[in-house]
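Chemist: So that you have it, the file is work_0.cif, and it contains mmCIF, C-alpha atoms:
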```cif
data_structure
#
loop_
_atom_site.group_PDB
_atom_site.id
_atom_site.type_symbol
_atom_site.label_atom_id
_atom_site.label_comp_id
_atom_site.auth_asym_id
_atom_site.auth_seq_id
_atom_site.Cartn_x
_atom_site.Cartn_y
_atom_site.Cartn_z
ATOM 1 C CA MET A 1 35.664 139.219 87.300
ATOM 2 C CA LYS A 2 32.560 137.518 88.635
ATOM 3 C CA LYS A 3 33.619 134.678 90.937
ATOM 4 C CA GLU A 4 30.329 132.843 91.032
ATOM 5 C CA PHE A 5 28.830 130.032 89.062
ATOM 6 C CA SER A 6 25.597 128.096 89.262
ATOM 7 C CA LEU A 7 24.898 124.855 91.090
ATOM 8 C CA LYS A 8 24.506 123.166 87.683
ATOM 9 C CA GLN A 9 27.944 124.451 86.606
ATOM 10 C CA ARG A 10 29.485 123.180 89.869
ATOM 11 C CA GLU A 11 27.925 119.755 89.383
ATOM 12 C CA GLU A 12 29.111 119.609 85.763
ATOM 13 C CA LEU A 13 32.622 120.621 86.830
ATOM 14 C CA LEU A 14 32.767 117.995 89.581
ATOM 15 C CA ASN A 15 31.578 115.342 87.110
ATOM 16 C CA THR A 16 34.225 116.423 84.583
ATOM 17 C CA LEU A 17 36.981 116.431 87.216
ATOM 18 C CA LYS A 18 35.904 113.018 88.505
ATOM 19 C CA ALA A 19 35.865 111.510 84.997
ATOM 20 C CA ARG A 20 39.339 112.932 84.274
ATOM 21 C CA PHE A 21 40.594 111.705 87.653
ATOM 22 C CA GLU A 22 39.366 108.169 86.960
ATOM 23 C CA LYS A 23 40.683 108.148 83.375
ATOM 24 C CA ASN A 24 44.195 109.267 84.434
ATOM 25 C CA ARG A 25 44.879 107.303 87.623
ATOM 26 C CA ASN A 26 48.631 107.313 86.897
ATOM 27 C CA ARG A 27 48.693 111.025 87.815
ATOM 28 C CA HIS A 28 47.515 110.496 91.398
ATOM 29 C CA LYS A 29 48.279 107.046 92.707
ATOM 30 C CA GLY A 30 46.980 106.415 96.210
ATOM 31 C CA ILE A 31 44.558 109.356 96.170
ATOM 32 C CA GLU A 32 40.810 108.772 96.501
ATOM 33 C CA TRP A 33 38.379 110.924 94.520
ATOM 34 C CA ALA A 34 35.809 111.000 97.362
ATOM 35 C CA LYS A 35 38.322 112.789 99.619
ATOM 36 C CA VAL A 36 39.246 115.250 96.867
ATOM 37 C CA GLN A 37 35.590 116.006 96.154
ATOM 38 C CA ALA A 38 34.782 116.459 99.848
ATOM 39 C CA LYS A 39 37.578 119.037 100.097
ATOM 40 C CA LEU A 40 36.442 120.818 96.916
ATOM 41 C CA GLU A 41 32.853 121.066 98.138
ATOM 42 C CA THR A 42 33.986 123.023 101.214
ATOM 43 C CA ASP A 43 35.917 125.679 99.269
ATOM 44 C CA MET A 44 33.859 127.454 96.628
ATOM 45 C CA ALA A 45 36.687 129.879 95.807
ATOM 46 C CA LYS A 46 39.018 127.012 94.873
ATOM 47 C CA LEU A 47 36.227 125.280 92.980
ATOM 48 C CA TRP A 48 35.670 128.513 91.041
ATOM 49 C CA SER A 49 39.418 128.614 90.208
ATOM 50 C CA LEU A 50 39.180 125.055 88.879
ATOM 51 C CA HIS A 51 36.159 126.143 86.861
ATOM 52 C CA GLU A 52 38.268 128.908 85.313
ATOM 53 C CA MET A 53 41.080 126.443 84.576
ATOM 54 C CA GLU A 54 38.552 124.193 82.844
ATOM 55 C CA ARG A 55 36.807 127.063 81.021
ATOM 56 C CA THR A 56 40.142 128.144 79.490
ATOM 57 C CA CYS A 57 40.875 124.562 78.313
ATOM 58 C CA GLY A 58 43.474 123.698 80.963
ATOM 59 C CA GLU A 59 41.974 120.305 81.856
ATOM 60 C CA PRO A 60 42.987 120.482 85.549
ATOM 61 C CA ASP A 61 43.708 117.224 87.343
ATOM 62 C CA VAL A 62 45.069 116.110 90.699
ATOM 63 C CA VAL A 63 48.824 115.479 90.490
ATOM 64 C CA GLY A 64 49.710 115.172 94.159
ATOM 65 C CA TYR A 65 48.933 115.529 97.839
ATOM 66 C CA ASP A 66 50.913 117.596 100.337
ATOM 67 C CA LYS A 67 50.922 115.639 103.609
ATOM 68 C CA LYS A 68 52.206 118.649 105.578
ATOM 69 C CA THR A 69 49.361 120.975 104.580
ATOM 70 C CA GLY A 70 46.679 118.407 103.744
ATOM 71 C CA GLU A 71 46.205 119.978 100.313
ATOM 72 C CA TYR A 72 45.557 118.315 96.983
ATOM 73 C CA ILE A 73 47.612 119.734 94.126
ATOM 74 C CA PHE A 74 46.063 120.373 90.713
ATOM 75 C CA TYR A 75 47.968 121.214 87.506
ATOM 76 C CA ASP A 76 46.696 122.023 84.043
ATOM 77 C CA CYS A 77 47.023 118.707 82.216
ATOM 78 C CA SER A 78 45.887 119.642 78.700
ATOM 79 C CA MET A 79 48.198 118.064 76.127
ATOM 80 C CA GLU A 80 49.095 121.509 74.737
ATOM 81 C CA SER A 81 49.247 124.867 76.474
ATOM 82 C CA PRO A 82 45.648 125.841 77.355
ATOM 83 C CA LYS A 83 43.964 127.384 74.302
ATOM 84 C CA GLY A 84 42.159 130.001 76.353
ATOM 85 C CA ARG A 85 45.446 131.286 77.836
ATOM 86 C CA ARG A 86 47.685 131.948 74.858
ATOM 87 C CA ASN A 87 48.942 135.127 73.220
ATOM 88 C CA PHE A 88 49.883 136.805 76.509
ATOM 89 C CA CYS A 89 53.148 138.451 77.428
ATOM 90 C CA TYR A 90 54.665 137.467 80.775
ATOM 91 C CA ASP A 91 53.534 140.135 83.303
ATOM 92 C CA GLN A 92 51.992 143.579 83.720
ATOM 93 C CA ALA A 93 55.336 145.417 83.471
ATOM 94 C CA ALA A 94 55.998 143.670 80.160
ATOM 95 C CA LEU A 95 52.515 144.543 78.921
ATOM 96 C CA GLU A 96 52.963 148.191 79.856
ATOM 97 C CA SER A 97 56.383 148.352 78.182
ATOM 98 C CA ARG A 98 55.002 147.432 74.762
ATOM 99 C CA LYS A 99 54.447 150.495 72.619
ATOM 100 C CA GLU A 100 52.647 148.746 69.732
ATOM 101 C CA ASN A 101 50.741 145.521 69.137
ATOM 102 C CA LYS A 102 50.005 144.934 72.797
ATOM 103 C CA PRO A 103 48.570 141.537 73.662
ATOM 104 C CA GLU A 104 45.223 141.371 75.422
ATOM 105 C CA ASN A 105 46.767 140.634 78.823
ATOM 106 C CA SER A 106 49.670 139.029 80.670
ATOM 107 C CA ALA A 107 50.085 135.479 81.928
ATOM 108 C CA VAL A 108 50.755 136.589 85.505
ATOM 109 C CA ALA A 109 47.683 138.858 85.611
ATOM 110 C CA VAL A 110 45.360 136.250 84.128
ATOM 111 C CA ALA A 111 46.646 133.586 86.543
ATOM 112 C CA ALA A 112 46.067 135.950 89.492
ATOM 113 C CA SER A 113 42.532 136.752 88.297
ATOM 114 C CA MET A 114 41.847 133.000 88.153
ATOM 115 C CA GLY A 115 43.259 132.417 91.645
ATOM 116 C CA ILE A 116 46.043 130.133 90.396
ATOM 117 C CA GLU A 117 49.851 130.235 90.180
ATOM 118 C CA LEU A 118 52.037 129.770 87.122
ATOM 119 C CA LEU A 119 53.921 126.496 87.275
ATOM 120 C CA THR A 120 57.556 126.762 88.296
ATOM 121 C CA GLU A 121 60.213 125.093 86.155
ATOM 122 C CA GLU A 122 60.389 122.288 88.726
ATOM 123 C CA GLN A 123 56.608 121.772 88.643
ATOM 124 C CA TYR A 124 56.663 121.840 84.840
ATOM 125 C CA ARG A 125 59.283 119.080 84.823
ATOM 126 C CA GLU A 126 57.171 117.090 87.341
ATOM 127 C CA LEU A 127 54.184 117.431 85.013
ATOM 128 C CA GLN A 128 56.259 116.093 82.128
ATOM 129 C CA GLN A 129 56.862 112.900 84.134
ATOM 130 C CA LEU A 130 53.119 112.222 83.799
ATOM 131 C CA GLY A 131 52.946 112.510 79.994
ATOM 132 C CA ASN A 132 54.230 114.315 76.932
ATOM 133 C CA PHE A 133 52.867 117.840 77.239
ATOM 134 C CA ASP A 134 53.515 120.883 75.005
ATOM 135 C CA ALA A 135 54.854 118.979 71.982
ATOM 136 C CA LYS A 136 53.552 121.748 69.686
ATOM 137 C CA THR A 137 53.183 124.690 72.084
ATOM 138 C CA SER A 138 55.117 126.234 74.961
ATOM 139 C CA SER A 139 54.185 127.570 78.389
ATOM 140 C CA TRP A 140 55.454 130.520 80.407
ATOM 141 C CA VAL A 141 56.719 129.398 83.825
ATOM 142 C CA LYS A 142 57.362 131.413 86.971
ATOM 143 C CA THR A 143 60.485 133.430 86.185
ATOM 144 C CA PRO A 144 63.244 133.977 88.744
ATOM 145 C CA ALA A 145 63.436 137.614 89.923
ATOM 146 C CA GLY A 146 66.993 138.086 88.644
ATOM 147 C CA ILE A 147 66.009 137.145 85.091
ATOM 148 C CA ARG A 148 62.848 139.228 85.231
ATOM 149 C CA LYS A 149 64.779 142.261 86.550
ATOM 150 C CA LEU A 150 66.875 142.167 83.381
ATOM 151 C CA GLY A 151 63.774 142.114 81.154
ATOM 152 C CA GLY A 152 63.584 138.409 80.469
ATOM 153 C CA ALA A 153 61.146 135.632 81.216
ATOM 154 C CA VAL A 154 61.312 131.865 80.824
ATOM 155 C CA PHE A 155 59.116 129.276 79.188
ATOM 156 C CA CYS A 156 59.262 125.528 78.694
ATOM 157 C CA ASP A 157 58.194 122.944 76.156
ATOM 158 C CA ARG A 158 58.858 119.360 75.125
ATOM 159 C CA ARG A 159 60.648 118.590 71.865
ATOM 160 C CA TYR A 160 62.721 115.637 70.695
ATOM 161 C CA ASP A 161 61.588 113.686 73.765
ATOM 162 C CA HIS A 162 63.249 116.235 76.090
ATOM 163 C CA VAL A 163 61.951 119.077 78.239
ATOM 164 C CA PHE A 164 63.554 122.404 77.414
ATOM 165 C CA MET A 165 63.597 125.720 79.227
ATOM 166 C CA PHE A 166 64.138 128.836 77.099
ATOM 167 C CA HIS A 167 64.214 132.571 77.585
ATOM 168 C CA ASN A 168 62.597 135.457 75.761
ATOM 169 C CA GLY A 169 61.849 139.098 76.406
ATOM 170 C CA ALA A 170 59.011 139.241 78.913
ATOM 171 C CA ASP A 171 57.041 141.445 76.522
ATOM 172 C CA SER A 172 57.001 138.801 73.763
ATOM 173 C CA TYR A 173 53.897 136.795 73.010
ATOM 174 C CA TYR A 174 53.028 134.086 70.531
ATOM 175 C CA ALA A 175 49.931 132.219 69.403
ATOM 176 C CA ALA A 176 51.512 128.935 70.508
ATOM 177 C CA ARG A 177 52.683 130.131 73.936
ATOM 178 C CA GLY A 178 50.384 130.191 76.924
ATOM 179 C CA PHE A 179 50.768 129.259 80.545
ATOM 180 C CA ARG A 180 49.932 126.358 82.809
ATOM 181 C CA GLY A 181 48.727 126.844 86.331
ATOM 182 C CA SER A 182 48.673 125.101 89.671
ATOM 183 C CA LEU A 183 46.162 125.200 92.481
ATOM 184 C CA ARG A 184 46.323 123.805 96.005
ATOM 185 C CA VAL A 185 43.015 122.764 97.576
#
```
As structure tokens, how would this structure be written, given the file I've shared?
Modeler:
Amino acid sequence: MKKEFSLKQREELLNTLKARFEKNRNRHKGIEWAKVQAKLETDMAKLWSLHEMERTCGEPDVVGYDKKTGEYIFYDCSMESPKGRRNFCYDQAALESRKENKPENSAVAVAASMGIELLTEEQYRELQQLGNFDAKTSSWVKTPAGIRKLGGAVFCDRRYDHVFMFHNGADSYYAARGFRGSLRV
């Protein structure tokens, strides 16, 4: 995958991220956009990853700052699971195990190609403190090794004003299930 984009695309992305940042101040109290932008402008690889998150309809936004590492934390903040990242099984092993009707790819592989990580269950629950996400869709989350070893994978959604975690075979895929990512910059 080509990891380059034009100066115009970078400027458009920064403008989009800034507008989203300003519109959703509740997600990042105490964080200044100028500092976030300065950090982004020094790391083209991370900026490209944010571009990929945006291109696949993830609507990335700053949700925190890690004082120990000095990194800003971005999550996909689209109201529903990103449209450009649905219909994937969980990982490459699950994809390879399907004999028929294979999906196009796996959530883990697509996330890796984008330079992002799947949200963990804990991160997913943190995200849900910022709004009501995945009321009509669901999102794969990073699955514990013990569950994955037995052929399963986990996903989360929000229904009935509660956040739920479920399980499914890792090789399953649905039009309403995608994945949300995180990126540290």
Chemist: Compile the contact shell of segment 88-92 of chain A as JSON, numbers by chain: residues with an atom at most 9 Å away, counting all atoms listed in the file, same-chain residues fewer than 2 positions apart removed.
Modeler: {"A": [85, 86, 94, 95, 96, 97, 102, 103, 104, 105, 106, 107, 108, 109, 110, 140, 141, 143, 152, 153, 154, 169, 170, 171, 172, 173, 174, 175, 177, 178, 179]}
Chemist: Could the residues in this selection be saved with C-alpha atoms as a PDB file, in the frame of the given file?
Modeler:
```
ATOM      1  CA  ARG A  85      45.446 131.286  77.836  1.00  0.00           C
ATOM      2  CA  ARG A  86      47.685 131.948  74.858  1.00  0.00           C
ATOM      3  CA  ALA A  94      55.998 143.670  80.160  1.00  0.00           C
ATOM      4  CA  LEU A  95      52.515 144.543  78.921  1.00  0.00           C
ATOM      5  CA  GLU A  96      52.963 148.191  79.856  1.00  0.00           C
ATOM      6  CA  SER A  97      56.383 148.352  78.182  1.00  0.00           C
ATOM      7  CA  LYS A 102      50.005 144.934  72.797  1.00  0.00           C
ATOM      8  CA  PRO A 103      48.570 141.537  73.662  1.00  0.00           C
ATOM      9  CA  GLU A 104      45.223 141.371  75.422  1.00  0.00           C
ATOM     10  CA  ASN A 105      46.767 140.634  78.823  1.00  0.00           C
ATOM     11  CA  SER A 106      49.670 139.029  80.670  1.00  0.00           C
ATOM     12  CA  ALA A 107      50.085 135.479  81.928  1.00  0.00           C
ATOM     13  CA  VAL A 108      50.755 136.589  85.505  1.00  0.00           C
ATOM     14  CA  ALA A 109      47.683 138.858  85.611  1.00  0.00           C
ATOM     15  CA  VAL A 110      45.360 136.250  84.128  1.00  0.00           C
ATOM     16  CA  TRP A 140      55.454 130.520  80.407  1.00  0.00           C
ATOM     17  CA  VAL A 141      56.719 129.398  83.825  1.00  0.00           C
ATOM     18  CA  THR A 143      60.485 133.430  86.185  1.00  0.00           C
ATOM     19  CA  GLY A 152      63.584 138.409  80.469  1.00  0.00           C
ATOM     20  CA  ALA A 153      61.146 135.632  81.216  1.00  0.00           C
ATOM     21  CA  VAL A 154      61.312 131.865  80.824  1.00  0.00           C
ATOM     22  CA  GLY A 169      61.849 139.098  76.406  1.00  0.00           C
ATOM     23  CA  ALA A 170      59.011 139.241  78.913  1.00  0.00           C
ATOM     24  CA  ASP A 171      57.041 141.445  76.522  1.00  0.00           C
ATOM     25  CA  SER A 172      57.001 138.801  73.763  1.00  0.00           C
ATOM     26  CA  TYR A 173      53.897 136.795  73.010  1.00  0.00           C
ATOM     27  CA  TYR A 174      53.028 134.086  70.531  1.00  0.00           C
ATOM     28  CA  ALA A 175      49.931 132.219  69.403  1.00  0.00           C
ATOM     29  CA  ARG A 177      52.683 130.131  73.936  1.00  0.00           C
ATOM     30  CA  GLY A 178      50.384 130.191  76.924  1.00  0.00           C
ATOM     31  CA  PHE A 179      50.768 129.259  80.545  1.00  0.00           C
TER      32      PHE A 179
END
```
Chemist: Extract, using only C-alpha atoms, all DNA, RNA and protein residues at most 9 Å from segment 79-82 of chain A, discarding same-chain residues fewer than 5 positions from it, and format them as a VMD selection string.
Modeler: chain A and resid 53 56 to 59 131 to 139 176 to 180
Chemist: Please dump the current selection as a JSON list (two decimals), in the coordinates of the input; keep C-alpha atoms.
Modeler:
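What follows is the written file part.json:
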```json
[["chain", "number", "residue", "atom", "x", "y", "z"],
["A", 53, "MET", "CA", 41.08, 126.44, 84.58],
["A", 56, "THR", "CA", 40.14, 128.14, 79.49],
["A", 57, "CYS", "CA", 40.88, 124.56, 78.31],
["A", 58, "GLY", "CA", 43.47, 123.70, 80.96],
["A", 59, "GLU", "CA", 41.97, 120.30, 81.86],
["A", 131, "GLY", "CA", 52.95, 112.51, 79.99],
["A", 132, "ASN", "CA", 54.23, 114.32, 76.93],
["A", 133, "PHE", "CA", 52.87, 117.84, 77.24],
["A", 134, "ASP", "CA", 53.52, 120.88, 75.00],
["A", 135, "ALA", "CA", 54.85, 118.98, 71.98],
["A", 136, "LYS", "CA", 53.55, 121.75, 69.69],
["A", 137, "THR", "CA", 53.18, 124.69, 72.08],
["A", 138, "SER", "CA", 55.12, 126.23, 74.96],
["A", 139, "SER", "CA", 54.18, 127.57, 78.39],
["A", 176, "ALA", "CA", 51.51, 128.94, 70.51],
["A", 177, "ARG", "CA", 52.68, 130.13, 73.94],
["A", 178, "GLY", "CA", 50.38, 130.19, 76.92],
["A", 179, "PHE", "CA", 50.77, 129.26, 80.54],
["A", 180, "ARG", "CA", 49.93, 126.36, 82.81]]
```
Chemist: Segment 112-125 of chain A: which residues within 6 Å, counting all atoms listed in the file, same-chain residues fewer than 6 positions away excluded, as a PyMOL selection string?
Modeler: chain A and resi 49+141-142+180-183
Chemist: One decimal, in Å: what's the spacing between atom CA of Met165 of chain A and atom CA of Val63 of chain A?
Modeler: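 These atoms are spaced 21.2 Å apart.
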Chemist: Please write as a short mmCIF file (atom, residue, chain, number, x, y, z; two decimals) with C-alpha atoms, in the frame of the given file the full residue list that the PyMOL selection byres ((chain A and resi 14-28) around 12) yields on this file.
Modeler:
```
data_model
loop_
_atom_site.label_atom_id
_atom_site.label_comp_id
_atom_site.auth_asym_id
_atom_site.auth_seq_id
_atom_site.Cartn_x
_atom_site.Cartn_y
_atom_site.Cartn_z
CA LEU A 7 24.90 124.86 91.09
CA LYS A 8 24.51 123.17 87.68
CA GLN A 9 27.94 124.45 86.61
CA ARG A 10 29.48 123.18 89.87
CA GLU A 11 27.92 119.76 89.38
CA GLU A 12 29.11 119.61 85.76
CA LEU A 13 32.62 120.62 86.83
CA LYS A 29 48.28 107.05 92.71
CA GLY A 30 46.98 106.42 96.21
CA ILE A 31 44.56 109.36 96.17
CA GLU A 32 40.81 108.77 96.50
CA TRP A 33 38.38 110.92 94.52
CA ALA A 34 35.81 111.00 97.36
CA LYS A 35 38.32 112.79 99.62
CA VAL A 36 39.25 115.25 96.87
CA GLN A 37 35.59 116.01 96.15
CA ALA A 38 34.78 116.46 99.85
CA LYS A 39 37.58 119.04 100.10
CA LEU A 40 36.44 120.82 96.92
CA GLU A 41 32.85 121.07 98.14
CA MET A 44 33.86 127.45 96.63
CA LEU A 47 36.23 125.28 92.98
CA TRP A 48 35.67 128.51 91.04
CA LEU A 50 39.18 125.06 88.88
CA HIS A 51 36.16 126.14 86.86
CA MET A 53 41.08 126.44 84.58
CA GLU A 54 38.55 124.19 82.84
CA ARG A 55 36.81 127.06 81.02
CA GLY A 58 43.47 123.70 80.96
CA GLU A 59 41.97 120.30 81.86
CA PRO A 60 42.99 120.48 85.55
CA ASP A 61 43.71 117.22 87.34
CA VAL A 62 45.07 116.11 90.70
CA VAL A 63 48.82 115.48 90.49
CA GLY A 64 49.71 115.17 94.16
CA TYR A 65 48.93 115.53 97.84
CA ASP A 66 50.91 117.60 100.34
CA TYR A 72 45.56 118.32 96.98
CA ILE A 73 47.61 119.73 94.13
CA PHE A 74 46.06 120.37 90.71
CA TYR A 75 47.97 121.21 87.51
CA ASP A 76 46.70 122.02 84.04
CA CYS A 77 47.02 118.71 82.22
CA SER A 78 45.89 119.64 78.70
CA GLU A 126 57.17 117.09 87.34
CA LEU A 127 54.18 117.43 85.01
CA GLN A 128 56.26 116.09 82.13
CA GLN A 129 56.86 112.90 84.13
CA LEU A 130 53.12 112.22 83.80
CA GLY A 131 52.95 112.51 79.99
#
```
Chemist: Write out as lines of an AutoDock Vina configuration file an axis-aligned box for segment 110-126 of chain A: all of its atoms listed in the file, 8 Å added on each side, centre and edge lengths in Å with one decimal.
Modeler:
```
center_x = 51.1
center_y = 126.9
center_z = 87.9
size_x = 34.5
size_y = 35.7
size_z = 23.5
```
Chemist: Record the distance separating atom CA of Ile147 of chain A and atom CA of Phe164 of chain A, expressed in Å with one decimal.
Modeler: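 Atom-to-atom, atom CA of Ile147 of chain A and atom CA of Phe164 of chain A are spaced 16.8 Å apart.
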Chemist: My list of candidates is A:His167, A:Asp161, A:Thr42, A:Thr69. Which is closest to Pro144 of chain A when distances are computed with all atoms listed in the file?
Modeler: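 Among A:His167, A:Asp161, A:Thr42, A:Thr69, it is A:His167 that comes nearest to Pro144 of chain A.
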Chemist: Atom CA of Arg159 of chain A and atom CA of Ala111 of chain A are how many Å apart?
Modeler: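 Atom-to-atom, atom CA of Arg159 of chain A to atom CA of Ala111 of chain A, that is 25.2 Å.
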Chemist: Between A:Glu71, A:Asp43, A:Asp157, A:Glu100, which residue has the minimum interatomic distance to Arg184 of chain A, considering all atoms listed in the file?
Modeler: A:Glu71
